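Dumped entry-v4.pdb below, it's PDB, C-alpha atoms:
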MODEL        1
ATOM      1  CA  MET A   1      -0.836 116.010   5.006  1.00  0.00           C
ATOM      2  CA  GLU A   2       0.551 112.597   4.192  1.00  0.00           C
ATOM      3  CA  THR A   3      -1.164 109.548   5.530  1.00  0.00           C
ATOM      4  CA  GLY A   4       0.301 105.992   5.862  1.00  0.00           C
ATOM      5  CA  PRO A   5      -1.296 102.769   4.719  1.00  0.00           C
ATOM      6  CA  VAL A   6      -4.449 101.958   6.506  1.00  0.00           C
ATOM      7  CA  GLU A   7      -4.359  98.651   8.422  1.00  0.00           C
ATOM      8  CA  THR A   8      -7.612  96.778   8.539  1.00  0.00           C
ATOM      9  CA  ALA A   9      -8.372  94.273  11.229  1.00  0.00           C
ATOM     10  CA  ALA A  10      -8.759  90.645  10.238  1.00  0.00           C
ATOM     11  CA  PRO A  11     -12.271  89.347  10.374  1.00  0.00           C
ATOM     12  CA  PRO A  12     -13.098  87.155  13.322  1.00  0.00           C
ATOM     13  CA  VAL A  13     -12.414  83.493  12.780  1.00  0.00           C
ATOM     14  CA  ASP A  14     -15.404  81.198  13.049  1.00  0.00           C
ATOM     15  CA  ASP A  15     -14.484  77.699  14.276  1.00  0.00           C
ATOM     16  CA  THR A  16     -17.148  76.196  12.094  1.00  0.00           C
ATOM     17  CA  THR A  17     -15.428  77.415   8.943  1.00  0.00           C
ATOM     18  CA  ILE A  18     -12.133  75.668   9.638  1.00  0.00           C
ATOM     19  CA  VAL A  19     -11.537  72.731   7.320  1.00  0.00           C
ATOM     20  CA  HIS A  20      -9.371  70.043   8.798  1.00  0.00           C
ATOM     21  CA  ARG A  21      -7.183  68.404   6.142  1.00  0.00           C
ATOM     22  CA  PRO A  22      -5.716  64.962   6.762  1.00  0.00           C
ATOM     23  CA  SER A  23      -2.067  65.026   7.475  1.00  0.00           C
ATOM     24  CA  ARG A  24       0.217  63.656   4.794  1.00  0.00           C
ATOM     25  CA  LEU A  25       2.814  62.758   7.355  1.00  0.00           C
ATOM     26  CA  ILE A  26       0.790  60.226   9.340  1.00  0.00           C
ATOM     27  CA  SER A  27      -1.452  57.706   7.544  1.00  0.00           C
ATOM     28  CA  ASP A  28      -3.405  54.662   8.642  1.00  0.00           C
ATOM     29  CA  GLU A  29      -3.126  53.057   5.185  1.00  0.00           C
ATOM     30  CA  PRO A  30      -0.282  50.469   4.823  1.00  0.00           C
ATOM     31  CA  THR A  31       2.415  51.280   2.325  1.00  0.00           C
ATOM     32  CA  ALA A  32       4.853  49.111   0.403  1.00  0.00           C
ATOM     33  CA  ASP A  33       7.426  49.708   3.092  1.00  0.00           C
ATOM     34  CA  ASP A  34       5.042  48.295   5.715  1.00  0.00           C
ATOM     35  CA  TYR A  35       4.460  44.930   3.870  1.00  0.00           C
ATOM     36  CA  ASN A  36       5.811  41.833   5.625  1.00  0.00           C
ATOM     37  CA  PRO A  37       5.660  38.570   3.586  1.00  0.00           C
ATOM     38  CA  ALA A  38       5.660  36.558   6.801  1.00  0.00           C
ATOM     39  CA  ASP A  39       2.199  37.915   7.615  1.00  0.00           C
ATOM     40  CA  ALA A  40       0.696  36.198   4.509  1.00  0.00           C
ATOM     41  CA  TYR A  41       2.696  32.928   4.688  1.00  0.00           C
ATOM     42  CA  ARG A  42       0.956  29.716   5.734  1.00  0.00           C
ATOM     43  CA  ALA A  43       2.794  26.430   6.122  1.00  0.00           C
ATOM     44  CA  LEU A  44       1.675  23.418   4.111  1.00  0.00           C
ATOM     45  CA  SER A  45       0.384  20.755   6.464  1.00  0.00           C
ATOM     46  CA  THR A  46       2.768  17.812   6.611  1.00  0.00           C
ATOM     47  CA  ALA A  47      -0.104  15.449   7.407  1.00  0.00           C
ATOM     48  CA  ALA A  48      -2.007  16.640   4.329  1.00  0.00           C
ATOM     49  CA  VAL A  49       0.992  16.054   2.047  1.00  0.00           C
ATOM     50  CA  ALA A  50       1.626  12.626   3.569  1.00  0.00           C
ATOM     51  CA  SER A  51      -2.042  11.748   3.045  1.00  0.00           C
ATOM     52  CA  LEU A  52      -1.802  12.651  -0.647  1.00  0.00           C
ATOM     53  CA  VAL A  53       1.363  10.563  -1.108  1.00  0.00           C
ATOM     54  CA  LEU A  54      -0.182   7.560   0.632  1.00  0.00           C
ATOM     55  CA  GLY A  55      -3.347   8.057  -1.398  1.00  0.00           C
ATOM     56  CA  VAL A  56      -1.336   7.611  -4.587  1.00  0.00           C
ATOM     57  CA  LEU A  57       0.538   4.618  -3.161  1.00  0.00           C
ATOM     58  CA  SER A  58      -2.781   3.038  -2.189  1.00  0.00           C
ATOM     59  CA  VAL A  59      -2.941   1.623  -5.706  1.00  0.00           C
ATOM     60  CA  LEU A  60      -0.743  -1.162  -4.294  1.00  0.00           C
ATOM     61  CA  THR A  61      -3.811  -2.423  -2.426  1.00  0.00           C
ATOM     62  CA  LEU A  62      -4.783  -4.091  -5.716  1.00  0.00           C
ATOM     63  CA  LEU A  63      -1.935  -6.567  -5.168  1.00  0.00           C
ATOM     64  CA  ASP A  64      -2.388  -7.992  -1.662  1.00  0.00           C
ATOM     65  CA  TRP A  65      -4.591  -7.811   1.420  1.00  0.00           C
ATOM     66  CA  TRP A  66      -1.981  -6.574   3.891  1.00  0.00           C
ATOM     67  CA  LEU A  67      -1.251  -3.553   1.686  1.00  0.00           C
ATOM     68  CA  ALA A  68      -4.610  -2.132   2.817  1.00  0.00           C
ATOM     69  CA  LEU A  69      -2.570  -0.607   5.656  1.00  0.00           C
ATOM     70  CA  ILE A  70      -1.438   2.056   3.168  1.00  0.00           C
ATOM     71  CA  PRO A  71      -4.877   3.573   2.422  1.00  0.00           C
ATOM     72  CA  LEU A  72      -5.836   3.231   6.075  1.00  0.00           C
ATOM     73  CA  ALA A  73      -2.846   5.372   7.055  1.00  0.00           C
ATOM     74  CA  GLY A  74      -3.631   7.786   4.217  1.00  0.00           C
ATOM     75  CA  VAL A  75      -7.195   8.373   5.428  1.00  0.00           C
ATOM     76  CA  MET A  76      -6.084   8.848   9.042  1.00  0.00           C
ATOM     77  CA  LEU A  77      -3.390  11.369   8.102  1.00  0.00           C
ATOM     78  CA  GLY A  78      -5.852  13.211   5.864  1.00  0.00           C
ATOM     79  CA  ILE A  79      -8.277  13.603   8.769  1.00  0.00           C
ATOM     80  CA  VAL A  80      -5.466  14.796  11.036  1.00  0.00           C
ATOM     81  CA  GLY A  81      -4.400  17.324   8.409  1.00  0.00           C
ATOM     82  CA  LEU A  82      -7.934  18.675   7.941  1.00  0.00           C
ATOM     83  CA  ARG A  83      -8.434  19.107  11.679  1.00  0.00           C
ATOM     84  CA  LYS A  84      -5.156  20.968  12.028  1.00  0.00           C
ATOM     85  CA  ILE A  85      -5.950  23.265   9.118  1.00  0.00           C
ATOM     86  CA  ARG A  86      -9.444  23.938  10.471  1.00  0.00           C
ATOM     87  CA  SER A  87      -8.203  24.734  13.963  1.00  0.00           C
ATOM     88  CA  GLN A  88      -5.294  26.940  12.783  1.00  0.00           C
ATOM     89  CA  PRO A  89      -6.335  28.408   9.421  1.00  0.00           C
ATOM     90  CA  GLN A  90      -3.932  31.365   9.731  1.00  0.00           C
ATOM     91  CA  GLU A  91      -0.940  29.051  10.068  1.00  0.00           C
ATOM     92  CA  TYR A  92      -1.611  25.996   7.871  1.00  0.00           C
ATOM     93  CA  THR A  93      -2.874  25.269   4.377  1.00  0.00           C
ATOM     94  CA  GLY A  94      -3.214  22.085   2.297  1.00  0.00           C
ATOM     95  CA  ARG A  95      -6.910  21.302   2.584  1.00  0.00           C
ATOM     96  CA  GLY A  96      -7.073  20.232  -1.073  1.00  0.00           C
ATOM     97  CA  ALA A  97      -4.152  17.828  -0.662  1.00  0.00           C
ATOM     98  CA  ALA A  98      -5.734  16.236   2.413  1.00  0.00           C
ATOM     99  CA  ILE A  99      -9.091  15.769   0.679  1.00  0.00           C
ATOM    100  CA  ALA A 100      -7.423  14.335  -2.428  1.00  0.00           C
ATOM    101  CA  GLY A 101      -5.433  11.895  -0.280  1.00  0.00           C
ATOM    102  CA  ILE A 102      -8.559  10.705   1.534  1.00  0.00           C
ATOM    103  CA  VAL A 103     -10.487  10.253  -1.715  1.00  0.00           C
ATOM    104  CA  LEU A 104      -7.668   8.361  -3.491  1.00  0.00           C
ATOM    105  CA  ALA A 105      -7.010   6.132  -0.478  1.00  0.00           C
ATOM    106  CA  THR A 106     -10.698   5.274  -0.137  1.00  0.00           C
ATOM    107  CA  LEU A 107     -11.186   4.528  -3.840  1.00  0.00           C
ATOM    108  CA  PHE A 108      -8.105   2.333  -4.113  1.00  0.00           C
ATOM    109  CA  CYS A 109      -8.946   0.513  -0.877  1.00  0.00           C
ATOM    110  CA  VAL A 110     -12.459  -0.310  -2.050  1.00  0.00           C
ATOM    111  CA  GLY A 111     -11.251  -1.206  -5.543  1.00  0.00           C
ATOM    112  CA  GLY A 112      -8.396  -3.318  -4.207  1.00  0.00           C
ATOM    113  CA  PHE A 113     -10.591  -5.258  -1.823  1.00  0.00           C
ATOM    114  CA  GLY A 114     -13.151  -5.819  -4.559  1.00  0.00           C
ATOM    115  CA  ARG A 115     -10.487  -7.133  -6.926  1.00  0.00           C
ATOM    116  CA  LEU A 116      -8.937  -9.446  -4.324  1.00  0.00           C
ATOM    117  CA  ILE A 117     -12.323 -10.802  -3.253  1.00  0.00           C
ATOM    118  CA  TYR A 118     -13.175 -11.546  -6.874  1.00  0.00           C
ATOM    119  CA  ILE A 119      -9.840 -13.315  -7.451  1.00  0.00           C
ATOM    120  CA  HIS A 120     -10.218 -15.363  -4.271  1.00  0.00           C
ATOM    121  CA  ALA A 121     -13.719 -16.437  -5.305  1.00  0.00           C
ATOM    122  CA  THR A 122     -12.803 -17.409  -8.867  1.00  0.00           C
ATOM    123  CA  GLU A 123      -9.165 -18.584  -8.844  1.00  0.00           C
ATOM    124  CA  VAL A 124      -9.843 -22.170  -7.685  1.00  0.00           C
ATOM    125  CA  PRO A 125     -10.770 -24.428 -10.636  1.00  0.00           C
ATOM    126  CA  THR A 126     -14.032 -26.326 -10.410  1.00  0.00           C
ATOM    127  CA  GLY A 127     -13.656 -29.619  -8.571  1.00  0.00           C
ATOM    128  CA  TYR A 128     -10.547 -28.585  -6.608  1.00  0.00           C
ATOM    129  CA  GLU A 129     -10.201 -27.779  -2.911  1.00  0.00           C
ATOM    130  CA  ARG A 130      -8.211 -24.801  -1.659  1.00  0.00           C
ATOM    131  CA  VAL A 131      -5.351 -25.888   0.614  1.00  0.00           C
ATOM    132  CA  ASP A 132      -2.423 -24.103   2.265  1.00  0.00           C
ATOM    133  CA  TYR A 133       0.836 -25.366   3.729  1.00  0.00           C
ATOM    134  CA  SER A 134      -0.385 -25.112   7.313  1.00  0.00           C
ATOM    135  CA  LEU A 135      -2.389 -28.319   6.790  1.00  0.00           C
ATOM    136  CA  LEU A 136       0.782 -30.183   5.835  1.00  0.00           C
ATOM    137  CA  GLN A 137       2.712 -29.375   9.018  1.00  0.00           C
ATOM    138  CA  PRO A 138       3.123 -31.845  11.896  1.00  0.00           C
ATOM    139  CA  GLN A 139       1.793 -31.118  15.349  1.00  0.00           C
ATOM    140  CA  PRO A 140       4.198 -29.293  17.708  1.00  0.00           C
ATOM    141  CA  ASP A 141       4.865 -32.447  19.764  1.00  0.00           C
ATOM    142  CA  ASP A 142       5.321 -34.714  16.735  1.00  0.00           C
ATOM    143  CA  PRO A 143       8.600 -35.456  14.927  1.00  0.00           C
ATOM    144  CA  PRO A 144       9.428 -32.805  12.258  1.00  0.00           C
ATOM    145  CA  ASN A 145       9.050 -35.280   9.374  1.00  0.00           C
ATOM    146  CA  SER A 146       5.748 -36.799  10.481  1.00  0.00           C
ATOM    147  CA  ILE A 147       2.634 -36.496   8.355  1.00  0.00           C
ATOM    148  CA  PRO A 148      -0.359 -34.920  10.158  1.00  0.00           C
ATOM    149  CA  PRO A 149      -3.892 -36.388   9.892  1.00  0.00           C
ATOM    150  CA  GLU A 150      -5.046 -33.318   7.946  1.00  0.00           C
ATOM    151  CA  ALA A 151      -2.532 -34.075   5.198  1.00  0.00           C
ATOM    152  CA  LYS A 152      -3.429 -37.775   5.122  1.00  0.00           C
ATOM    153  CA  ALA A 153      -7.079 -36.814   4.607  1.00  0.00           C
ATOM    154  CA  LEU A 154      -6.084 -34.999   1.404  1.00  0.00           C
ATOM    155  CA  ASP A 155      -4.373 -38.023  -0.143  1.00  0.00           C
ATOM    156  CA  GLY A 156      -5.880 -38.668  -3.569  1.00  0.00           C
ATOM    157  CA  LYS A 157      -7.910 -35.460  -3.636  1.00  0.00           C
ATOM    158  CA  LYS A 158      -7.728 -32.644  -6.135  1.00  0.00           C
ATOM    159  CA  ILE A 159      -6.311 -29.582  -4.433  1.00  0.00           C
ATOM    160  CA  PHE A 160      -5.373 -26.008  -5.263  1.00  0.00           C
ATOM    161  CA  ILE A 161      -2.339 -24.497  -3.534  1.00  0.00           C
ATOM    162  CA  LYS A 162      -0.032 -21.504  -3.868  1.00  0.00           C
ATOM    163  CA  GLY A 163       3.722 -21.519  -3.499  1.00  0.00           C
ATOM    164  CA  TYR A 164       7.106 -20.720  -5.023  1.00  0.00           C
ATOM    165  CA  VAL A 165       9.167 -22.773  -7.441  1.00  0.00           C
ATOM    166  CA  TYR A 166      12.428 -23.996  -5.946  1.00  0.00           C
ATOM    167  CA  PRO A 167      15.189 -22.927  -8.354  1.00  0.00           C
ATOM    168  CA  GLY A 168      16.737 -25.837 -10.221  1.00  0.00           C
ATOM    169  CA  LEU A 169      19.071 -26.295 -13.165  1.00  0.00           C
ATOM    170  CA  ARG A 170      16.408 -25.724 -15.819  1.00  0.00           C
ATOM    171  CA  LYS A 171      15.110 -22.226 -16.432  1.00  0.00           C
ATOM    172  CA  ASP A 172      12.694 -23.023 -19.252  1.00  0.00           C
ATOM    173  CA  GLY A 173      10.441 -25.910 -20.217  1.00  0.00           C
ATOM    174  CA  ILE A 174      10.090 -26.952 -16.576  1.00  0.00           C
ATOM    175  CA  THR A 175       7.650 -29.827 -16.116  1.00  0.00           C
ATOM    176  CA  GLN A 176       8.807 -31.226 -12.755  1.00  0.00           C
ATOM    177  CA  PHE A 177       9.801 -29.108  -9.790  1.00  0.00           C
ATOM    178  CA  LEU A 178       9.497 -28.510  -6.069  1.00  0.00           C
ATOM    179  CA  LEU A 179       6.783 -26.157  -4.906  1.00  0.00           C
ATOM    180  CA  VAL A 180       7.822 -24.647  -1.572  1.00  0.00           C
ATOM    181  CA  ARG A 181       6.061 -22.573   1.037  1.00  0.00           C
ATOM    182  CA  ASP A 182       7.923 -19.271   0.780  1.00  0.00           C
ATOM    183  CA  GLN A 183      10.896 -17.566  -0.805  1.00  0.00           C
ATOM    184  CA  GLY A 184      12.829 -17.610   2.425  1.00  0.00           C
ATOM    185  CA  THR A 185      13.448 -21.317   1.911  1.00  0.00           C
ATOM    186  CA  CYS A 186      13.955 -21.329  -1.840  1.00  0.00           C
ATOM    187  CA  CYS A 187      15.680 -18.202  -3.108  1.00  0.00           C
ATOM    188  CA  PHE A 188      18.445 -17.527  -0.596  1.00  0.00           C
ATOM    189  CA  GLY A 189      20.342 -20.780  -0.648  1.00  0.00           C
ATOM    190  CA  GLY A 190      18.280 -22.564   2.013  1.00  0.00           C
ATOM    191  CA  ASN A 191      17.066 -26.146   1.809  1.00  0.00           C
ATOM    192  CA  PRO A 192      13.289 -26.229   2.450  1.00  0.00           C
ATOM    193  CA  LYS A 193      12.110 -28.568   5.183  1.00  0.00           C
ATOM    194  CA  ILE A 194      10.315 -31.717   4.099  1.00  0.00           C
ATOM    195  CA  THR A 195       6.825 -30.613   5.091  1.00  0.00           C
ATOM    196  CA  ASP A 196       7.291 -27.349   3.176  1.00  0.00           C
ATOM    197  CA  ARG A 197       7.969 -29.052  -0.165  1.00  0.00           C
ATOM    198  CA  ILE A 198       5.649 -30.631  -2.720  1.00  0.00           C
ATOM    199  CA  GLN A 199       7.054 -32.325  -5.803  1.00  0.00           C
ATOM    200  CA  VAL A 200       4.936 -31.279  -8.781  1.00  0.00           C
ATOM    201  CA  ALA A 201       4.550 -33.058 -12.136  1.00  0.00           C
ATOM    202  CA  LEU A 202       2.779 -30.953 -14.766  1.00  0.00           C
ATOM    203  CA  SER A 203       0.383 -32.504 -17.236  1.00  0.00           C
ATOM    204  CA  ASP A 204       1.496 -30.061 -19.949  1.00  0.00           C
ATOM    205  CA  PRO A 205       4.716 -31.371 -21.588  1.00  0.00           C
ATOM    206  CA  LYS A 206       5.665 -27.847 -22.713  1.00  0.00           C
ATOM    207  CA  GLY A 207       6.254 -26.742 -19.159  1.00  0.00           C
ATOM    208  CA  PHE A 208       6.923 -23.143 -18.159  1.00  0.00           C
ATOM    209  CA  ALA A 209       9.771 -20.676 -17.586  1.00  0.00           C
ATOM    210  CA  PHE A 210      11.186 -20.195 -14.099  1.00  0.00           C
ATOM    211  CA  SER A 211      10.012 -17.178 -12.130  1.00  0.00           C
ATOM    212  CA  GLY A 212      10.410 -16.075  -8.537  1.00  0.00           C
ATOM    213  CA  SER A 213       6.789 -14.953  -8.327  1.00  0.00           C
ATOM    214  CA  LEU A 214       3.965 -16.738  -6.521  1.00  0.00           C
ATOM    215  CA  PHE A 215       2.531 -19.713  -8.455  1.00  0.00           C
ATOM    216  CA  LYS A 216      -0.971 -21.160  -8.345  1.00  0.00           C
ATOM    217  CA  ILE A 217      -0.990 -24.932  -8.849  1.00  0.00           C
ATOM    218  CA  ALA A 218      -3.883 -27.392  -9.072  1.00  0.00           C
ATOM    219  CA  GLY A 219      -3.472 -31.164  -9.183  1.00  0.00           C
ATOM    220  CA  THR A 220      -4.023 -34.485  -7.454  1.00  0.00           C
ATOM    221  CA  PHE A 221      -2.359 -34.608  -4.044  1.00  0.00           C
ATOM    222  CA  ARG A 222      -0.591 -37.851  -3.119  1.00  0.00           C
ATOM    223  CA  ILE A 223       1.501 -39.049  -0.208  1.00  0.00           C
ATOM    224  CA  THR A 224       4.148 -41.618  -1.111  1.00  0.00           C
ATOM    225  CA  GLU A 225       7.089 -43.354   0.446  1.00  0.00           C
ATOM    226  CA  PRO A 226      10.025 -40.954   0.923  1.00  0.00           C
ATOM    227  CA  SER A 227      12.064 -40.500  -2.257  1.00  0.00           C
ATOM    228  CA  GLN A 228      14.802 -38.204  -3.474  1.00  0.00           C
ATOM    229  CA  ALA A 229      13.540 -34.676  -4.086  1.00  0.00           C
ATOM    230  CA  VAL A 230      14.135 -33.040  -7.435  1.00  0.00           C
ATOM    231  CA  ASP A 231      16.503 -30.036  -7.423  1.00  0.00           C
ATOM    232  CA  ALA A 232      17.045 -30.181  -3.664  1.00  0.00           C
ATOM    233  CA  LYS A 233      18.831 -32.205  -1.038  1.00  0.00           C
ATOM    234  CA  GLY A 234      16.839 -34.664   1.031  1.00  0.00           C
ATOM    235  CA  ILE A 235      13.606 -36.501   0.486  1.00  0.00           C
ATOM    236  CA  VAL A 236      10.026 -35.708  -0.419  1.00  0.00           C
ATOM    237  CA  PHE A 237       6.728 -37.496   0.289  1.00  0.00           C
ATOM    238  CA  TYR A 238       4.176 -34.883  -0.805  1.00  0.00           C
ATOM    239  CA  HIS A 239       3.371 -34.980  -4.521  1.00  0.00           C
ATOM    240  CA  LEU A 240       1.046 -33.151  -6.867  1.00  0.00           C
ATOM    241  CA  ASP A 241       0.381 -35.172 -10.008  1.00  0.00           C
ATOM    242  CA  GLU A 242      -1.315 -34.194 -13.277  1.00  0.00           C
ATOM    243  CA  ALA A 243      -0.888 -30.612 -12.184  1.00  0.00           C
ATOM    244  CA  ILE A 244      -2.009 -27.551 -14.104  1.00  0.00           C
ATOM    245  CA  LEU A 245      -1.313 -23.816 -13.846  1.00  0.00           C
ATOM    246  CA  PRO A 246      -4.813 -22.274 -13.704  1.00  0.00           C
TER     247      PRO A 246
ENDMDL
END
Rewritten as structure tokens:
Amino acid sequence: METGPVETAAPPVDDTTIVHRPSRLISDEPTADDYNPADAYRALSTAAVASLVLGVLSVLTLLDWWLALIPLAGVMLGIVGLRKIRSQPQEYTGRGAAIAGIVLATLFCVGGFGRLIYIHATEVPTGYERVDYSLLQPQPDDPPNSIPPEAKALDGKKIFIKGYVYPGLRKDGITQFLLVRDQGTCCFGGNPKITDRIQVALSDPKGFAFSGSLFKIAGTFRITEPSQAVDAKGIVFYHLDEAILP
């Protein structure tokens, strides 16, 4: 008698023996296709960059007092930049630039002030008195060509004053010239007012070459009768004799 293949029953399945394999179709790990560059981008803080630029420009503080506004602005912008970066670190970067700007601005400000203080303390020759043009101006209610008491008190004294050379015909070997208060009255075709001009006679016969920069002059201040001004229209009564360029 022929018999067919014997079918055996499958053994019972034990739930504890089932091994769960992770699906290859769904994964929690990011892939290259999931990368978004915008998620890693952080903007460079404008305040931090501006602080760094102003920090570099703060070197100009070595030249004049009012230029200290540059490092002051640099430090303030650096602080603003650092606060913004600290409060929004996922959006802004530039901490190094802000710190560098603050450091440069501070160093140049301190160095500039130190240099200017030293110059101010040492630029006046011994035996001379520092004077500025404000002492030579008449009182508001007085005639424009009147001589104030402060100027009369300086007559015959050795003074030190700063000003600009009024451009004349000679460009080299200048020994006599008008020293005026500012460039607005001397370099743009204007005729300086009488109380803004001092006629200078140098003691050095070699003279100097014309320049539009600020000059430092020391000499004996004298007030004379009005006379024709050199290189300019009108008269002059303020003089600086035996003058030197310290």
To verify the selection step, state as a ChimeraX atom specification which residues the PyMOL selection byres ((chain A and resi 69) around 12) yields on this input. /A:54-55,57-61,64-68,70-76,105-106,108-109,112-113
(request) To verify the selection step, state as a ChimeraX atom specification which residues the PyMOL selection byres ((chain A and resi 127) around 12) yields on this input. (result) /A:123-126,128-130,157-160,218-220
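Each of A:His239, A:Pro144, A:Lys206, A:Leu62 was compared to Tyr118 in chain A using only C-alpha atoms, and A:Leu62 turns out to be the nearest.
One finds CA of Val230 in chain A at 6.6 Å from CA of Leu178 in chain A.
Here CA of Arg115 in chain A is placed at a distance of 28.8 Å from CA of Phe221 in chain A.
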